[in-house]
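Let me begin by presenting the structure, written as C-alpha cells, before commenting on it.
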Amino acid sequence: MPHISTGDIFRAHLSDATEFAKQIRPYMESGALVPDTLTIAIVEERLKRPDCRDGYVLDGFPRSVAQAQALERMTASHGHAIDAAIDLRVPDDELVARLGARRTCAGCGTIYNLKFNPPQGGGMRCDRNGCGGQLVQRPDDNEDTIRQRLIIYHKTTGPLYAFYRERGILHIVRGDVPPEAVFATVEDIVCGLEVA
Ligand SMILES: [Zn+2]
C-alpha cells in the first residue's frame, strides 16, 4: 500500500521541474500552505496511478475541509471509501524542536534528526553506505517558518476533527511517545479496520 505524503509529492515535482513545480515553489519556500485547488489537482493526479488501486495511506492531506470534501469526491469516483482518519497529536513546542533539528542529506536524501537520529560519528555528513553527503536544513524547517506553519495548521486543519468524527472514522493517537509505541497503536487501528 503506497504511502503518499503531499510534502514528498511537492518536492518530487520541484526536483523534476514539472509544470506543477512553478506553481508550488513560492508557497513551499515561504512556508505557506499550497492552495487547496492546486494541492487537490496534484493529489488527484497521484491517486490515479496504478499503485493506488488497492488503497493508500495519505500523509499531510487533507488539511482543510475543502480538501476533505474533494477527497470524498475523488474516492467515490474511484469506487473507494476512506476507512480511517488518524490524528497524530504532538504539542507545538515538541514539533518545533523536532522539525528544527531535521536535516536531509544533499546526496541521497536520507532524513536525519540531530536530536533523535543523528549520523554516526556526530558530524554533519551522511553515513549511509559511505555516502558522505552534506546534511542540509530544508528552507521551510527554520523556527519562524515552523511557528507560522503551525498557526496556519491549527486554523485550517482544526475543523477536520469534527468532519471525520461525524463520519465515525476519526482516531486520535498520541505522537509524543516513542516511535515504536506510535507504530503499534496505528497498526492496531489499521488491522482492526473492516475494509469494504
Ligand atoms: Zn547521503
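Residue numbers start at 1 in each chain; chains themselves are named A, B, ... in the order of the C-alpha cells; ligands are numbered from 1 in the order shown.
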
Apply DSSP to the structure's backbone, then extract all residues of chain A labelled strand (DSSP E or B) and return them as a ChimeraX atom specification.
/A:3-5,57-59,85-89,102-105,111-113,117,125,134-136,170-174

Those residues you just picked out, can you put them in a file as a short mmCIF file (atom, residue, chain, number, x, y, z; two decimals), in the first residue's frame with N, CA and C atoms?
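out_39.cif, written as the output of this step:
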data_model
loop_
_atom_site.label_atom_id
_atom_site.label_comp_id
_atom_site.auth_asym_id
_atom_site.auth_seq_id
_atom_site.Cartn_x
_atom_site.Cartn_y
_atom_site.Cartn_z
N HIS A 3 2.53 4.85 0.52
CA HIS A 3 2.46 5.95 1.47
C HIS A 3 2.61 7.24 0.67
N ILE A 4 1.57 8.06 0.66
CA ILE A 4 1.57 9.25 -0.18
C ILE A 4 1.60 10.49 0.70
N SER A 5 2.75 11.15 0.72
CA SER A 5 2.90 12.37 1.50
C SER A 5 2.87 13.56 0.55
N VAL A 57 -2.11 5.16 1.86
CA VAL A 57 -2.08 5.95 3.09
C VAL A 57 -1.71 7.37 2.70
N LEU A 58 -2.58 8.32 3.01
CA LEU A 58 -2.32 9.73 2.73
C LEU A 58 -1.73 10.38 3.97
N ASP A 59 -0.68 11.17 3.77
CA ASP A 59 0.03 11.81 4.87
C ASP A 59 0.13 13.31 4.54
N ALA A 85 -9.33 7.99 9.60
CA ALA A 85 -8.56 9.24 9.65
C ALA A 85 -7.82 9.22 10.98
N ILE A 86 -6.49 9.29 10.93
CA ILE A 86 -5.68 9.20 12.15
C ILE A 86 -5.05 10.56 12.45
N ASP A 87 -5.36 11.06 13.63
CA ASP A 87 -4.84 12.35 14.08
C ASP A 87 -3.69 12.08 15.04
N LEU A 88 -2.45 12.32 14.58
CA LEU A 88 -1.26 12.14 15.43
C LEU A 88 -1.03 13.43 16.18
N ARG A 89 -1.25 13.42 17.50
CA ARG A 89 -1.17 14.65 18.29
C ARG A 89 0.19 14.84 18.94
N ARG A 102 15.73 18.73 12.13
CA ARG A 102 15.71 17.83 10.97
C ARG A 102 16.74 18.27 9.93
N ARG A 103 17.46 17.31 9.40
CA ARG A 103 18.42 17.59 8.33
C ARG A 103 18.28 16.52 7.25
N THR A 104 18.53 16.91 6.01
CA THR A 104 18.43 15.98 4.89
C THR A 104 19.78 15.89 4.19
N CYS A 105 20.16 14.68 3.77
CA CYS A 105 21.41 14.52 3.04
C CYS A 105 21.23 15.08 1.63
N ILE A 111 16.89 11.24 5.63
CA ILE A 111 16.50 12.25 6.61
C ILE A 111 17.08 11.90 7.98
N TYR A 112 17.73 12.86 8.60
CA TYR A 112 18.28 12.70 9.94
C TYR A 112 17.60 13.66 10.88
N ASN A 113 17.77 13.40 12.19
CA ASN A 113 17.35 14.37 13.18
C ASN A 113 18.50 14.52 14.16
N ASN A 117 18.05 11.20 15.83
CA ASN A 117 18.60 10.23 14.87
C ASN A 117 19.77 10.86 14.11
N ARG A 125 27.82 14.94 8.20
CA ARG A 125 27.91 14.23 6.92
C ARG A 125 27.09 12.96 7.00
N GLN A 134 26.59 16.10 2.34
CA GLN A 134 26.40 17.17 3.33
C GLN A 134 24.96 17.15 3.84
N LEU A 135 24.79 17.33 5.17
CA LEU A 135 23.43 17.42 5.72
C LEU A 135 22.98 18.87 5.66
N VAL A 136 21.81 19.09 5.09
CA VAL A 136 21.30 20.45 4.95
C VAL A 136 19.93 20.57 5.59
N LEU A 170 -12.70 8.82 12.92
CA LEU A 170 -11.55 9.55 13.49
C LEU A 170 -10.89 8.74 14.61
N HIS A 171 -9.56 8.65 14.55
CA HIS A 171 -8.76 8.01 15.60
C HIS A 171 -7.72 9.02 16.06
N ILE A 172 -7.66 9.28 17.37
CA ILE A 172 -6.66 10.21 17.89
C ILE A 172 -5.55 9.39 18.54
N VAL A 173 -4.31 9.64 18.11
CA VAL A 173 -3.16 8.88 18.59
C VAL A 173 -2.11 9.85 19.13
N ARG A 174 -1.58 9.58 20.32
CA ARG A 174 -0.50 10.42 20.86
C ARG A 174 0.76 10.22 20.04
#

If you run DSSP on this backbone, which residues of range 24-93 of chain A come out as alpha helix (DSSP H), and could you give them as a PyMOL selection string?
chain A and resi 24-30+36-47+65-77+92-93

Just-selected residues, N, CA and C atoms written as a short mmCIF file (atom, residue, chain, number, x, y, z; two decimals), in the first residue's frame:
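Contents of result.cif, freshly written:
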data_model
loop_
_atom_site.label_atom_id
_atom_site.label_comp_id
_atom_site.auth_asym_id
_atom_site.auth_seq_id
_atom_site.Cartn_x
_atom_site.Cartn_y
_atom_site.Cartn_z
N ILE A 24 4.03 25.59 -7.34
CA ILE A 24 4.22 25.20 -5.94
C ILE A 24 5.33 26.00 -5.25
N ARG A 25 6.40 26.28 -6.00
CA ARG A 25 7.64 26.78 -5.40
C ARG A 25 7.47 27.98 -4.45
N PRO A 26 6.75 29.03 -4.85
CA PRO A 26 6.67 30.21 -3.96
C PRO A 26 6.07 29.88 -2.59
N TYR A 27 5.09 28.96 -2.56
CA TYR A 27 4.46 28.60 -1.29
C TYR A 27 5.42 27.80 -0.43
N MET A 28 6.08 26.81 -1.04
CA MET A 28 7.00 25.95 -0.30
C MET A 28 8.10 26.78 0.34
N GLU A 29 8.64 27.74 -0.40
CA GLU A 29 9.78 28.49 0.09
C GLU A 29 9.40 29.49 1.18
N SER A 30 8.16 29.96 1.18
CA SER A 30 7.76 30.91 2.22
C SER A 30 7.13 30.21 3.41
N ASP A 36 -5.63 25.06 -1.83
CA ASP A 36 -6.42 23.83 -1.97
C ASP A 36 -6.55 23.35 -3.41
N THR A 37 -6.92 24.26 -4.32
CA THR A 37 -7.20 23.80 -5.68
C THR A 37 -5.97 23.14 -6.30
N LEU A 38 -4.80 23.73 -6.06
CA LEU A 38 -3.55 23.20 -6.60
C LEU A 38 -3.21 21.86 -5.93
N THR A 39 -3.30 21.83 -4.60
CA THR A 39 -3.00 20.60 -3.87
C THR A 39 -3.92 19.46 -4.31
N ILE A 40 -5.20 19.77 -4.45
CA ILE A 40 -6.18 18.75 -4.84
C ILE A 40 -5.85 18.19 -6.23
N ALA A 41 -5.50 19.08 -7.16
CA ALA A 41 -5.16 18.64 -8.52
C ALA A 41 -3.94 17.71 -8.50
N ILE A 42 -2.95 18.04 -7.67
CA ILE A 42 -1.72 17.25 -7.60
C ILE A 42 -1.99 15.89 -6.96
N VAL A 43 -2.79 15.89 -5.88
CA VAL A 43 -3.11 14.62 -5.22
C VAL A 43 -3.95 13.74 -6.15
N GLU A 44 -4.90 14.35 -6.84
CA GLU A 44 -5.76 13.55 -7.71
C GLU A 44 -4.94 12.87 -8.80
N GLU A 45 -3.98 13.59 -9.35
CA GLU A 45 -3.11 13.01 -10.38
C GLU A 45 -2.35 11.80 -9.80
N ARG A 46 -1.91 11.93 -8.54
CA ARG A 46 -1.15 10.84 -7.90
C ARG A 46 -2.06 9.62 -7.64
N LEU A 47 -3.29 9.87 -7.19
CA LEU A 47 -4.19 8.76 -6.83
C LEU A 47 -4.68 7.98 -8.05
N VAL A 65 -11.15 21.49 5.22
CA VAL A 65 -12.44 20.88 4.93
C VAL A 65 -12.65 20.81 3.41
N ALA A 66 -12.22 21.85 2.69
CA ALA A 66 -12.37 21.82 1.22
C ALA A 66 -11.61 20.64 0.62
N GLN A 67 -10.40 20.38 1.14
CA GLN A 67 -9.63 19.23 0.65
C GLN A 67 -10.32 17.91 1.02
N ALA A 68 -10.87 17.85 2.24
CA ALA A 68 -11.54 16.62 2.68
C ALA A 68 -12.76 16.34 1.80
N GLN A 69 -13.48 17.39 1.45
CA GLN A 69 -14.65 17.21 0.58
C GLN A 69 -14.21 16.75 -0.81
N ALA A 70 -13.11 17.34 -1.30
CA ALA A 70 -12.59 16.94 -2.61
C ALA A 70 -12.14 15.48 -2.57
N LEU A 71 -11.52 15.08 -1.45
CA LEU A 71 -11.07 13.68 -1.32
C LEU A 71 -12.25 12.72 -1.35
N GLU A 72 -13.33 13.10 -0.68
CA GLU A 72 -14.53 12.25 -0.72
C GLU A 72 -15.04 12.09 -2.14
N ARG A 73 -15.03 13.21 -2.89
CA ARG A 73 -15.48 13.13 -4.29
C ARG A 73 -14.58 12.21 -5.11
N MET A 74 -13.24 12.38 -4.92
CA MET A 74 -12.28 11.57 -5.68
C MET A 74 -12.44 10.09 -5.36
N THR A 75 -12.49 9.76 -4.06
CA THR A 75 -12.54 8.35 -3.68
C THR A 75 -13.86 7.73 -4.17
N ALA A 76 -14.94 8.49 -4.06
CA ALA A 76 -16.22 7.96 -4.53
C ALA A 76 -16.16 7.67 -6.03
N SER A 77 -15.51 8.59 -6.79
CA SER A 77 -15.48 8.39 -8.24
C SER A 77 -14.55 7.24 -8.62
N ASP A 92 2.87 21.66 20.16
CA ASP A 92 3.58 22.56 19.25
C ASP A 92 5.08 22.69 19.58
N ASP A 93 5.41 22.85 20.89
CA ASP A 93 6.82 23.06 21.23
C ASP A 93 7.66 21.83 20.86
#

At a cut-off of 7 Å and counting only C-alpha atoms and all ligand atoms, what residues surround ligand 1? Please answer as a PDB file with C-alpha atoms, in the first residue's frame.
ATOM      1  CA  CYS A 105      21.412  14.517   3.040  1.00  0.00           C
ATOM      2  CA  ALA A 106      22.040  16.605  -0.078  1.00  0.00           C
ATOM      3  CA  GLY A 107      23.475  13.484  -1.724  1.00  0.00           C
ATOM      4  CA  CYS A 108      20.983  10.649  -1.180  1.00  0.00           C
ATOM      5  CA  GLY A 109      18.004  12.318   0.532  1.00  0.00           C
ATOM      6  CA  THR A 110      18.237  10.354   3.804  1.00  0.00           C
ATOM      7  CA  CYS A 126      25.670  11.375   5.790  1.00  0.00           C
ATOM      8  CA  ASP A 127      26.913   7.973   6.974  1.00  0.00           C
ATOM      9  CA  ARG A 128      24.606   5.834   4.873  1.00  0.00           C
ATOM     10  CA  CYS A 131      27.566   8.391   1.077  1.00  0.00           C
ATOM     11  CA  GLY A 132      29.343  11.252   2.874  1.00  0.00           C
ATOM     12  CA  GLY A 133      26.858  13.842   1.554  1.00  0.00           C
TER      13      GLY A 133
END

A:Gly192, A:Gly31, A:Gly123, A:Gly7 ranked by distance to Leu150 in chain A, top pick (using only C-alpha atoms):
A:Gly31

Which residue, A:His80, A:Arg49, A:His13, A:Arg147, has the smallest gap to Leu99 in chain A when you use only C-alpha atoms?
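Nearest to Leu99 in chain A: A:Arg147.
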
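The space between CA of Leu160 in chain A and CA of Arg63 in chain A spans 7.5 Å.
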
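Those residues that approach Ala32 in chain A to within 10 Å, counting only C-alpha atoms, are Pro26, Tyr27, Met28, Asp140, Thr145, Ile146, Gln148, Arg149, Ile152 and Tyr153 of chain A; same-chain residues fewer than 4 positions away are not listed.
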
So how many Å separate CA of Val34 in chain A and CA of Tyr161 in chain A, to one decimal?
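A separation of 20.5 Å between them.
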
Could you check the closest approach to Phe163 in chain A for each of A:Gln23, A:Ser64, A:Asp16, A:Thr6 and tell me which residue wins, using only C-alpha atoms?
A:Ser64
